[in-house]
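Undergrad: Submitted below is the structure of interest, expressed as structure tokens.
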Amino acid sequence: MKRLGISVYPEHAPKEACYDYMKLAGKYGFQRVFTCLLSVKESKEKIVEEFTEFCKVAHENGLAVSVDTNPEVFQRLGATPFDLSVFAQMGVDIIRLDGHFGELEDIQITRNTYGIMIEYNASCTMALDMMVEKGADRGNMCICSNFYPQRNTGMGLARFKELNSRYQPLGFTNAAFVTSREKDTHGPWEVYEGLPTLEIHRDLPIDLQLRHLNALGFCDDFMVGNAFASEEELKAMAETDLSKPIMKVDAEEGISDIEREIITCGFHASRDDSNELVVRSSFPRMKYKDQAIAPRSNQKDVFTKGDVIIVNDNLKHYAAELMVVLDEIKATDDYNYVGHVDEGEQLILDCIRPAHAFGLVIR
């Protein structure tokens with residue numbers, strides 16, 4: 001099950017604002033809230049008091065609580081990998097380990113009797129498979145990538161794919177961060193350049209960040225790293241279809257109603273016998289086989305990456321088939337140019353795999 005999440009940093013915002021934000025997220029069906037204990041400097045007693053209330057409010061709004069920790073936080077709270085009672089007392093659901101204790105301790109912490117999930121850092125190389133072989137409780141383990149407040153320091157796409165491809169076979173729930181583009185947001189540190197996992201996401205609309213992370217195929221949980229995202233951003237995330245990769249299309253002016261319907265039909269899938277030139281969806285030619293697709297004179301000499309084309313009645317056997325162009329091909333009168341997937345949306349186009357479903361919506 002895929003989940004959406006927010007992040008809240010109570011030491012940097014009024015308590016009422018944090019609680020209202022969690023209530024708003026709950027309203028839109030979000031199911032996780034991330035917070036950071038690394039930057040909290042209060043006494044143990046104050047932390048326990050405040051975060052017990054925080055967890056209670058989160059749970060009342062349907063949000064599981066994950067807290068970022070390291071060995072120093074454990075020491076401040078009087079916790080150890082063998083004794084998580086203080087986290088259980090506060091009501092914490094997930095402990096994210098930003099630092100590590102040692103092999104024995106990192107294994108033992110997964111075997112806690114409270115059922116608290118232990119979240120390991122997916123942005124570095126870890127022998128999680130060996131931990132499982134040596135007795136770590138797979139059922140209490142999950143992973144989460146870092147976020148990056150400093151511009152130009154977020155993870156590169158290639159490295160993100162490399163690390164997550166290593167961890168994916170282990171079957172752990174996997175989380176990563178998108179960033180709000182609202183002004184005056186904050187995170188746990190005094191840096192305000194957004195909080196994405198991937199650097200290429202830093203300046204993109206939040207729903208595109210979400211759809212791209214989803215299309216990459218690694219993540220189960222998607223959290224907004226900075227606070228506070230706008231209601232419009234939370235709503236956009238909540239309304240995003242995460243069942244398949246979704247791309248937004250800028251429709252060509254003057255396309256027919258049937259062409260518009262083909263673009264947005266309920267099912268597209270890349271053919272298993274795919275190539276490097278087009279993503280080819282054959283399903284519409286069956287659904288619309290009795291519909292006329294009148295040829296139109298094309299406005300292009302060549303089709304280029306991101307162009308959306310539909311086979312017309314000049315090739316009646318294939319009429320209504322939809323293609324999204326991957327590399328430059330010659331434009332002919334057998335294809336109607338119906339729209340374009342722009343450069344940002346092409347991040348998702350690059351993720352479409354053979355025999356996998358995808359969706360198109362008209363912007």
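For the structure tokens, the naming scheme is as follows: chains receive sequential letters (A, B, ...) according to their order of presentation, residues are indexed from 1 within each chain, and ligands are indexed from 1 in presentation order.
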Using only C-alpha atoms, determine which residues lie at most 8 Å from A:Arg280, disregarding the query and same-chain residues fewer than 5 positions distant; provide the list as a list in words.
TA: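 My reading of the contact set: Ala269, Ser270, Arg271, Ser274, Glu321, Leu322, Met323 and Val324 of chain A.
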Undergrad: For A:Ile362, list every protein, DNA or RNA residue within 9 Å, evaluated using only C-alpha atoms, and leave out those in the same chain fewer than 2 positions away; present the list as a list in words.
TA: Met247, Lys248, Val249, Asp250, Ala251, Arg260, Ile263, Thr264, Gly339 and Leu360 of chain A
Undergrad: Please identify all polymer residues within 12 Å of A:Asp290, counting only C-alpha atoms, omitting same-chain residues fewer than 4 positions from it, and present them as a VMD selection string.
TA: chain A and resid 258 284 to 286 313 316 to 320
Undergrad: How would the residues just picked look written out with C-alpha atoms as a PDB file, in the first residue's frame?
TA:
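The resulting file, again.pdb, is reproduced below:
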```
ATOM      1  CA  ILE A 258     -12.405  10.922 -30.224  1.00  0.00           C
ATOM      2  CA  PRO A 284      -7.120   1.900 -27.977  1.00  0.00           C
ATOM      3  CA  ARG A 285      -7.192   0.358 -31.434  1.00  0.00           C
ATOM      4  CA  MET A 286      -9.366  -2.427 -30.023  1.00  0.00           C
ATOM      5  CA  ASP A 313      -7.550   5.663 -40.901  1.00  0.00           C
ATOM      6  CA  LYS A 316      -6.976   1.239 -40.784  1.00  0.00           C
ATOM      7  CA  HIS A 317      -5.712  -1.994 -39.204  1.00  0.00           C
ATOM      8  CA  TYR A 318      -3.816   0.059 -36.588  1.00  0.00           C
ATOM      9  CA  ALA A 319      -6.167   3.043 -36.383  1.00  0.00           C
ATOM     10  CA  ALA A 320      -6.577   4.554 -32.888  1.00  0.00           C
TER      11      ALA A 320
END
```
Undergrad: Go through A:Leu242, A:Val279, A:Ala331, A:Leu204 one by one, measure the shortest atom-to-atom distance of each to A:Phe303 using only C-alpha atoms, and give the residue with the smallest value.
TA: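 Looking only at the distances to A:Phe303, the closest residue turns out to be A:Ala331.
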Undergrad: Rank nothing, just name the residue among A:Met131, A:Leu84, A:Val191, A:Ala79 nearest to A:Leu104, using only C-alpha atoms.
TA: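 Nearest to A:Leu104: A:Met131.
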Undergrad: Can you list, as a PDB file with N, CA, C and O atoms, in the first residue's frame, every protein, DNA or RNA residue that comes within 7 Å of stretch 154-158 of chain A when you count only C-alpha atoms, leaving out same-chain residues fewer than 2 positions away?
TA:
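What ended up in part-v8.pdb:
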```
ATOM      1  N   TYR A 148      17.610  16.806   1.333  1.00  0.00           N
ATOM      2  CA  TYR A 148      18.803  17.641   1.181  1.00  0.00           C
ATOM      3  C   TYR A 148      18.411  19.122   1.137  1.00  0.00           C
ATOM      4  O   TYR A 148      17.957  19.621   0.101  1.00  0.00           O
ATOM      5  N   ASN A 152      21.883  21.902  -4.844  1.00  0.00           N
ATOM      6  CA  ASN A 152      22.935  21.204  -5.592  1.00  0.00           C
ATOM      7  C   ASN A 152      23.552  20.033  -4.834  1.00  0.00           C
ATOM      8  O   ASN A 152      24.566  19.484  -5.278  1.00  0.00           O
ATOM      9  N   PHE A 160      20.491   7.221  -6.984  1.00  0.00           N
ATOM     10  CA  PHE A 160      19.237   6.807  -6.359  1.00  0.00           C
ATOM     11  C   PHE A 160      18.789   5.460  -6.915  1.00  0.00           C
ATOM     12  O   PHE A 160      18.405   4.555  -6.169  1.00  0.00           O
ATOM     13  N   LYS A 161      18.854   5.312  -8.224  1.00  0.00           N
ATOM     14  CA  LYS A 161      18.463   4.048  -8.850  1.00  0.00           C
ATOM     15  C   LYS A 161      19.396   2.912  -8.425  1.00  0.00           C
ATOM     16  O   LYS A 161      18.944   1.792  -8.147  1.00  0.00           O
ATOM     17  N   GLU A 162      20.680   3.206  -8.382  1.00  0.00           N
ATOM     18  CA  GLU A 162      21.663   2.177  -8.033  1.00  0.00           C
ATOM     19  C   GLU A 162      21.423   1.627  -6.629  1.00  0.00           C
ATOM     20  O   GLU A 162      21.378   0.404  -6.419  1.00  0.00           O
ATOM     21  N   PRO A 196      14.025  18.040  -0.918  1.00  0.00           N
ATOM     22  CA  PRO A 196      13.764  16.847  -1.719  1.00  0.00           C
ATOM     23  C   PRO A 196      14.825  15.781  -1.500  1.00  0.00           C
ATOM     24  O   PRO A 196      15.915  16.060  -0.992  1.00  0.00           O
ATOM     25  N   THR A 197      14.513  14.570  -1.911  1.00  0.00           N
ATOM     26  CA  THR A 197      15.531  13.525  -1.995  1.00  0.00           C
ATOM     27  C   THR A 197      16.370  13.692  -3.260  1.00  0.00           C
ATOM     28  O   THR A 197      17.593  13.658  -3.210  1.00  0.00           O
ATOM     29  N   LEU A 198      15.717  13.894  -4.400  1.00  0.00           N
ATOM     30  CA  LEU A 198      16.406  14.027  -5.683  1.00  0.00           C
ATOM     31  C   LEU A 198      16.632  15.498  -6.028  1.00  0.00           C
ATOM     32  O   LEU A 198      15.696  16.298  -5.981  1.00  0.00           O
ATOM     33  N   GLU A 199      17.846  15.835  -6.393  1.00  0.00           N
ATOM     34  CA  GLU A 199      18.148  17.234  -6.716  1.00  0.00           C
ATOM     35  C   GLU A 199      17.310  17.740  -7.882  1.00  0.00           C
ATOM     36  O   GLU A 199      16.878  18.901  -7.888  1.00  0.00           O
TER      37      GLU A 199
END
```
